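Student: This is the structure I want to talk about, given as structure tokens.
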Amino acid sequence: MAELDRLFQAAKTAMEKAHAKYSDFPVGAAILTKDGKIYSGANIEVISFPEGWCAETTAISHYVMAGGGEITDICVIAEKKDICTPCGGCRQRLAEFAPSDAKVHLCTMDGIVETITMADLLPHGFESDALIKAN
Ligand SMILES: [Zn+2]
């Protein structure tokens, strides 16, 4: 199976594990690193709504806890919305770890239908050197 197929399947499988009982809007995300490792995640909601988090955030947590690596591709899927893009907060979180040329694959339930880059996803993002310059 090609790596992008594995990445898509990982995001889809993660989506099936979503804890989205309040929104009923399951989302899955998966991160692929240059060494072929995949880290996936689903959205997890709690009754105190602001305390839940997104699929991308879960995937980033797995990525960081496993030691990270060079991110090359990211896949996001939501069964109830074709081409579900990451929210603003997740765009910033992904940009913390993924280079601007990392590919972000947007999907339907059948597969990847559009590919953009992190730079496309978060133009003019808040960059890490901003704090260095401020100090
Ligand atoms: Zn998000």
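To be explicit about the labels: the chains of the structure tokens are called A, B, and onward in the order shown, and within each one the residues are counted from 1, while ligands get numbers from 1 in the order they are shown.
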Can you tell me, as a PyMOL selection string, which residues in chain A count as alpha helix (DSSP H) by DSSP?
Tutor: chain A and resi 3-15+55-65+88-97+118-121+129-134
Student: Would you tabulate, counting only C-alpha atoms and all ligand atoms, all residues of chain A that have an atom at most 9 Å from an atom of ligand 1, showing the closest pair of atoms and their distance in Å to one decimal, sorted by chain then ascending number, as CSV?
Tutor:
residue,atom,partner,partner_atom_place_in_ligand_line,distance
A:Asn43,CA,ligand 1,1 (Zn),8.4
A:Trp53,CA,ligand 1,1 (Zn),6.8
A:Cys54,CA,ligand 1,1 (Zn),4.5
A:Ala55,CA,ligand 1,1 (Zn),6.9
A:Glu56,CA,ligand 1,1 (Zn),6.2
A:Thr57,CA,ligand 1,1 (Zn),6.7
A:Thr85,CA,ligand 1,1 (Zn),8.7
A:Pro86,CA,ligand 1,1 (Zn),5.3
A:Cys87,CA,ligand 1,1 (Zn),4.1
A:Gly88,CA,ligand 1,1 (Zn),6.5
A:Gly89,CA,ligand 1,1 (Zn),5.4
A:Cys90,CA,ligand 1,1 (Zn),4.1
A:Arg91,CA,ligand 1,1 (Zn),7.2
A:Arg93,CA,ligand 1,1 (Zn),8.6
Student: Go ahead and save the picked residues with all heavy atoms, as a short mmCIF file (atom, residue, chain, number, x, y, z; two decimals), in the first residue's frame.
Tutor:
data_model
loop_
_atom_site.label_atom_id
_atom_site.label_comp_id
_atom_site.auth_asym_id
_atom_site.auth_seq_id
_atom_site.Cartn_x
_atom_site.Cartn_y
_atom_site.Cartn_z
N ASN A 43 -10.98 13.50 17.22
CA ASN A 43 -11.46 14.52 18.14
C ASN A 43 -12.05 13.85 19.38
O ASN A 43 -12.65 12.78 19.31
CB ASN A 43 -12.47 15.48 17.47
CG ASN A 43 -13.62 14.78 16.77
OD1 ASN A 43 -13.47 13.68 16.25
ND2 ASN A 43 -14.76 15.43 16.73
N TRP A 53 -11.01 18.55 22.37
CA TRP A 53 -9.97 18.96 21.44
C TRP A 53 -10.12 18.23 20.11
O TRP A 53 -10.88 17.27 19.99
CB TRP A 53 -8.57 18.77 22.03
CG TRP A 53 -8.23 17.37 22.42
CD1 TRP A 53 -7.64 16.43 21.64
CD2 TRP A 53 -8.46 16.77 23.69
NE1 TRP A 53 -7.48 15.27 22.35
CE2 TRP A 53 -7.98 15.45 23.61
CE3 TRP A 53 -9.03 17.20 24.89
CZ2 TRP A 53 -8.06 14.56 24.68
CZ3 TRP A 53 -9.11 16.32 25.94
CH2 TRP A 53 -8.61 15.02 25.83
N CYS A 54 -9.37 18.70 19.13
CA CYS A 54 -9.53 18.26 17.74
C CYS A 54 -8.67 17.04 17.42
O CYS A 54 -7.71 16.72 18.12
CB CYS A 54 -9.13 19.39 16.80
SG CYS A 54 -10.07 20.90 16.97
N ALA A 55 -9.02 16.40 16.31
CA ALA A 55 -8.28 15.22 15.85
C ALA A 55 -6.81 15.55 15.59
O ALA A 55 -5.92 14.76 15.91
CB ALA A 55 -8.93 14.70 14.56
N GLU A 56 -6.55 16.70 15.00
CA GLU A 56 -5.17 17.08 14.69
C GLU A 56 -4.35 17.20 15.97
O GLU A 56 -3.18 16.83 16.01
CB GLU A 56 -5.14 18.42 13.93
CG GLU A 56 -5.85 18.40 12.59
CD GLU A 56 -7.33 18.76 12.67
OE1 GLU A 56 -7.96 18.51 13.72
OE2 GLU A 56 -7.84 19.29 11.68
N THR A 57 -4.99 17.72 17.03
CA THR A 57 -4.30 17.88 18.30
C THR A 57 -3.94 16.52 18.90
O THR A 57 -2.84 16.34 19.43
CB THR A 57 -5.17 18.71 19.27
OG1 THR A 57 -5.40 19.99 18.66
CG2 THR A 57 -4.49 18.91 20.60
N THR A 85 -11.17 21.05 6.55
CA THR A 85 -9.85 21.64 6.82
C THR A 85 -9.66 21.83 8.33
O THR A 85 -10.64 21.98 9.07
CB THR A 85 -9.70 23.01 6.12
OG1 THR A 85 -10.76 23.86 6.56
CG2 THR A 85 -9.75 22.85 4.61
N PRO A 86 -8.41 21.82 8.78
CA PRO A 86 -8.15 22.05 10.21
C PRO A 86 -8.66 23.42 10.65
O PRO A 86 -8.62 24.39 9.88
CB PRO A 86 -6.62 21.97 10.30
CG PRO A 86 -6.20 21.15 9.13
CD PRO A 86 -7.17 21.51 8.04
N CYS A 87 -9.09 23.50 11.91
CA CYS A 87 -9.54 24.78 12.47
C CYS A 87 -8.32 25.71 12.64
O CYS A 87 -7.18 25.29 12.50
CB CYS A 87 -10.25 24.56 13.80
SG CYS A 87 -9.14 24.22 15.19
N GLY A 88 -8.57 26.94 12.97
CA GLY A 88 -7.49 27.91 13.12
C GLY A 88 -6.46 27.51 14.15
O GLY A 88 -5.26 27.63 13.93
N GLY A 89 -6.94 27.03 15.30
CA GLY A 89 -6.02 26.61 16.35
C GLY A 89 -5.13 25.47 15.91
O GLY A 89 -3.93 25.44 16.17
N CYS A 90 -5.72 24.51 15.22
CA CYS A 90 -4.93 23.35 14.75
C CYS A 90 -3.97 23.75 13.64
O CYS A 90 -2.90 23.16 13.52
CB CYS A 90 -5.85 22.23 14.31
SG CYS A 90 -6.61 21.38 15.71
N ARG A 91 -4.33 24.73 12.85
CA ARG A 91 -3.39 25.20 11.83
C ARG A 91 -2.12 25.71 12.51
O ARG A 91 -1.01 25.42 12.09
CB ARG A 91 -4.02 26.32 10.98
CG ARG A 91 -5.14 25.79 10.11
CD ARG A 91 -5.87 26.87 9.35
NE ARG A 91 -7.10 26.31 8.81
CZ ARG A 91 -7.66 26.68 7.68
NH1 ARG A 91 -7.14 27.65 6.97
NH2 ARG A 91 -8.76 26.11 7.27
N ARG A 93 -1.10 24.87 15.55
CA ARG A 93 -0.43 23.73 16.20
C ARG A 93 0.36 22.91 15.18
O ARG A 93 1.48 22.50 15.44
CB ARG A 93 -1.46 22.84 16.90
CG ARG A 93 -2.05 23.46 18.13
CD ARG A 93 -3.01 22.50 18.84
NE ARG A 93 -3.82 23.26 19.79
CZ ARG A 93 -5.04 23.71 19.52
NH1 ARG A 93 -5.64 23.41 18.39
NH2 ARG A 93 -5.69 24.43 20.40
#
Student: Which of chain A end up as strand (DSSP E) when DSSP is run on this backbone - answer as number ranges by chain?
Tutor: A: 27-33, 38-42, 71-78, 103-108, 111-117
Student: Output the selection as a CSV table (one decimal), in the first residue's frame - C-alpha atoms for each residue.
Tutor:
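So the final result, stored in selection20.csv, reads:
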chain,number,residue,atom,x,y,z
A,27,VAL,CA,-12.9,13.8,12.6
A,28,GLY,CA,-9.7,11.9,12.0
A,29,ALA,CA,-6.2,13.1,11.3
A,30,ALA,CA,-2.9,11.5,10.6
A,31,ILE,CA,0.7,12.7,10.3
A,32,LEU,CA,3.3,11.0,8.2
A,33,THR,CA,7.0,11.6,8.9
A,38,ILE,CA,2.3,7.6,11.0
A,39,TYR,CA,0.7,9.2,14.0
A,40,SER,CA,-3.1,9.5,14.1
A,41,GLY,CA,-5.8,11.0,16.2
A,42,ALA,CA,-9.5,11.7,16.6
A,71,ILE,CA,6.6,15.8,8.9
A,72,THR,CA,6.0,15.4,5.2
A,73,ASP,CA,2.3,14.8,5.0
A,74,ILE,CA,-0.9,15.4,7.0
A,75,CYS,CA,-4.3,13.9,6.3
A,76,VAL,CA,-7.7,15.1,7.7
A,77,ILE,CA,-11.0,13.5,7.2
A,78,ALA,CA,-14.6,14.0,8.5
A,103,LYS,CA,1.6,18.6,2.3
A,104,VAL,CA,-1.9,18.7,3.8
A,105,HIS,CA,-4.3,16.2,2.2
A,106,LEU,CA,-8.0,17.0,2.3
A,107,CYS,CA,-10.4,14.1,1.8
A,108,THR,CA,-13.8,12.6,1.2
A,111,GLY,CA,-9.8,9.2,-0.4
A,112,ILE,CA,-7.6,12.3,-0.9
A,113,VAL,CA,-9.3,14.8,-3.2
A,114,GLU,CA,-7.1,17.9,-2.7
A,115,THR,CA,-3.6,18.6,-1.6
A,116,ILE,CA,-2.3,21.9,-0.3
A,117,THR,CA,0.8,22.9,1.7
Student: To one decimal in Å, tell me the separation between atom CA of A:Ser128 and atom CA of A:Gly69.
Tutor: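 One can read the atom CA of A:Ser128 to atom CA of A:Gly69 distance as 17.8 Å.
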Student: For A:His19, which of A:Val46, A:Met109, A:Met118, A:Ile132 is the closest residue, counting only C-alpha atoms?
Tutor: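 Closest to A:His19, using only C-alpha atoms: A:Val46.
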Student: With only C-alpha atoms as the counted atoms, please give the residues lying no more than 8 Å from A:Glu16, apart from itself and same-chain residues fewer than 2 positions off, as a list in words.
Tutor: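 In the requested format, the answer is Lys12, Thr13, Ala14, Ala18, Pro26, Gly28 and Ala42 of chain A.
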Student: Applying 9 Å and only C-alpha atoms, which residues near A:Ala95 remain after dropping the ones on its own chain fewer than 3 positions away? List them as a tab-separated table (two decimals) with all heavy atoms, in the first residue's frame.
Tutor:
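And here is the file that came out, result-v4.tsv:
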chain	number	residue	atom	x	y	z
A	90	CYS	N	-5.72	24.51	15.22
A	90	CYS	CA	-4.93	23.35	14.75
A	90	CYS	C	-3.97	23.75	13.64
A	90	CYS	O	-2.90	23.16	13.52
A	90	CYS	CB	-5.85	22.23	14.31
A	90	CYS	SG	-6.61	21.38	15.71
A	91	ARG	N	-4.33	24.73	12.85
A	91	ARG	CA	-3.39	25.20	11.83
A	91	ARG	C	-2.12	25.71	12.51
A	91	ARG	O	-1.01	25.42	12.09
A	91	ARG	CB	-4.02	26.32	10.98
A	91	ARG	CG	-5.14	25.79	10.11
A	91	ARG	CD	-5.87	26.87	9.35
A	91	ARG	NE	-7.10	26.31	8.81
A	91	ARG	CZ	-7.66	26.68	7.68
A	91	ARG	NH1	-7.14	27.65	6.97
A	91	ARG	NH2	-8.76	26.11	7.27
A	92	GLN	N	-2.28	26.47	13.58
A	92	GLN	CA	-1.12	26.98	14.31
A	92	GLN	C	-0.37	25.83	14.98
A	92	GLN	O	0.86	25.80	14.98
A	92	GLN	CB	-1.57	28.01	15.35
A	92	GLN	CG	-0.43	28.76	16.00
A	92	GLN	CD	0.25	29.74	15.04
A	92	GLN	OE1	-0.39	30.59	14.45
A	92	GLN	NE2	1.56	29.61	14.89
A	98	ALA	N	5.26	21.15	11.60
A	98	ALA	CA	5.37	20.80	10.18
A	98	ALA	C	6.00	21.95	9.40
A	98	ALA	O	5.64	23.11	9.60
A	98	ALA	CB	3.98	20.49	9.61
A	99	PRO	N	6.92	21.64	8.49
A	99	PRO	CA	7.51	22.71	7.67
A	99	PRO	C	6.47	23.28	6.71
A	99	PRO	O	5.44	22.66	6.43
A	99	PRO	CB	8.63	21.98	6.91
A	99	PRO	CG	8.23	20.55	6.89
A	99	PRO	CD	7.45	20.31	8.15
A	100	SER	N	6.75	24.47	6.21
A	100	SER	CA	5.78	25.15	5.35
A	100	SER	C	5.50	24.39	4.05
A	100	SER	O	4.44	24.58	3.45
A	100	SER	CB	6.25	26.57	5.03
A	100	SER	OG	7.49	26.52	4.35
A	118	MET	N	1.33	23.42	3.98
A	118	MET	CA	1.13	24.13	5.25
A	118	MET	C	1.12	25.64	5.01
A	118	MET	O	0.36	26.36	5.65
A	118	MET	CB	2.23	23.77	6.25
A	118	MET	CG	1.98	22.51	7.03
A	118	MET	SD	0.43	22.51	7.98
A	118	MET	CE	0.63	23.96	9.00
A	119	ALA	N	1.94	26.11	4.07
A	119	ALA	CA	1.97	27.55	3.77
A	119	ALA	C	0.62	28.00	3.21
A	119	ALA	O	0.18	29.12	3.49
A	119	ALA	CB	3.09	27.84	2.77
A	122	LEU	N	-1.84	27.99	6.34
A	122	LEU	CA	-1.65	29.04	7.36
A	122	LEU	C	-0.73	30.14	6.83
A	122	LEU	O	0.43	30.25	7.25
A	122	LEU	CB	-1.09	28.45	8.66
A	122	LEU	CG	-0.99	29.43	9.82
A	122	LEU	CD1	-2.36	29.90	10.27
A	122	LEU	CD2	-0.23	28.81	10.98
A	125	GLY	N	1.31	33.01	9.25
A	125	GLY	CA	1.16	32.47	10.61
A	125	GLY	C	2.12	33.11	11.58
A	125	GLY	O	3.12	33.74	11.20
A	126	PHE	N	1.82	32.95	12.84
A	126	PHE	CA	2.68	33.44	13.91
A	126	PHE	C	3.87	32.49	14.00
A	126	PHE	O	3.70	31.32	14.35
A	126	PHE	CB	1.90	33.49	15.22
A	126	PHE	CG	2.63	34.14	16.35
A	126	PHE	CD1	2.87	35.50	16.33
A	126	PHE	CD2	3.07	33.41	17.44
A	126	PHE	CE1	3.54	36.12	17.38
A	126	PHE	CE2	3.74	34.01	18.49
A	126	PHE	CZ	3.96	35.37	18.45
A	127	GLU	N	5.06	32.97	13.68
A	127	GLU	CA	6.22	32.09	13.58
A	127	GLU	C	7.07	32.14	14.84
A	127	GLU	O	7.07	33.14	15.56
A	127	GLU	CB	7.05	32.47	12.35
A	127	GLU	CG	6.24	32.26	11.07
A	127	GLU	CD	6.99	32.70	9.83
A	127	GLU	OE1	8.06	33.32	9.95
A	127	GLU	OE2	6.48	32.42	8.73
Student: Nearest to A:Gly67 among A:Ala11, A:Pro123, A:Phe97, A:Ala102, with distances taken over only C-alpha atoms: which residue is it?
Tutor: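 Of A:Ala11, A:Pro123, A:Phe97, A:Ala102, the one nearest A:Gly67, counting only C-alpha atoms, is A:Phe97.
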Student: One number please: atom CA of A:Gln9 to atom CA of A:Ser23, in Å, one decimal.
Tutor: 22.8 Å
Student: My list of candidates is A:Ser61, A:Gly36, A:Phe49, A:Lys133. Which is closest to A:Ala2 when distances are computed with only C-alpha atoms?
Tutor: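 When distances to A:Ala2 are compared using only C-alpha atoms, the smallest one comes from A:Gly36.
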Student: Just give me the gap between atom CA of A:Thr58 and atom CA of A:Glu45 in Å, one decimal is fine.
Tutor: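 Answer for the atom CA of A:Thr58 to atom CA of A:Glu45 separation: 11.5 Å.
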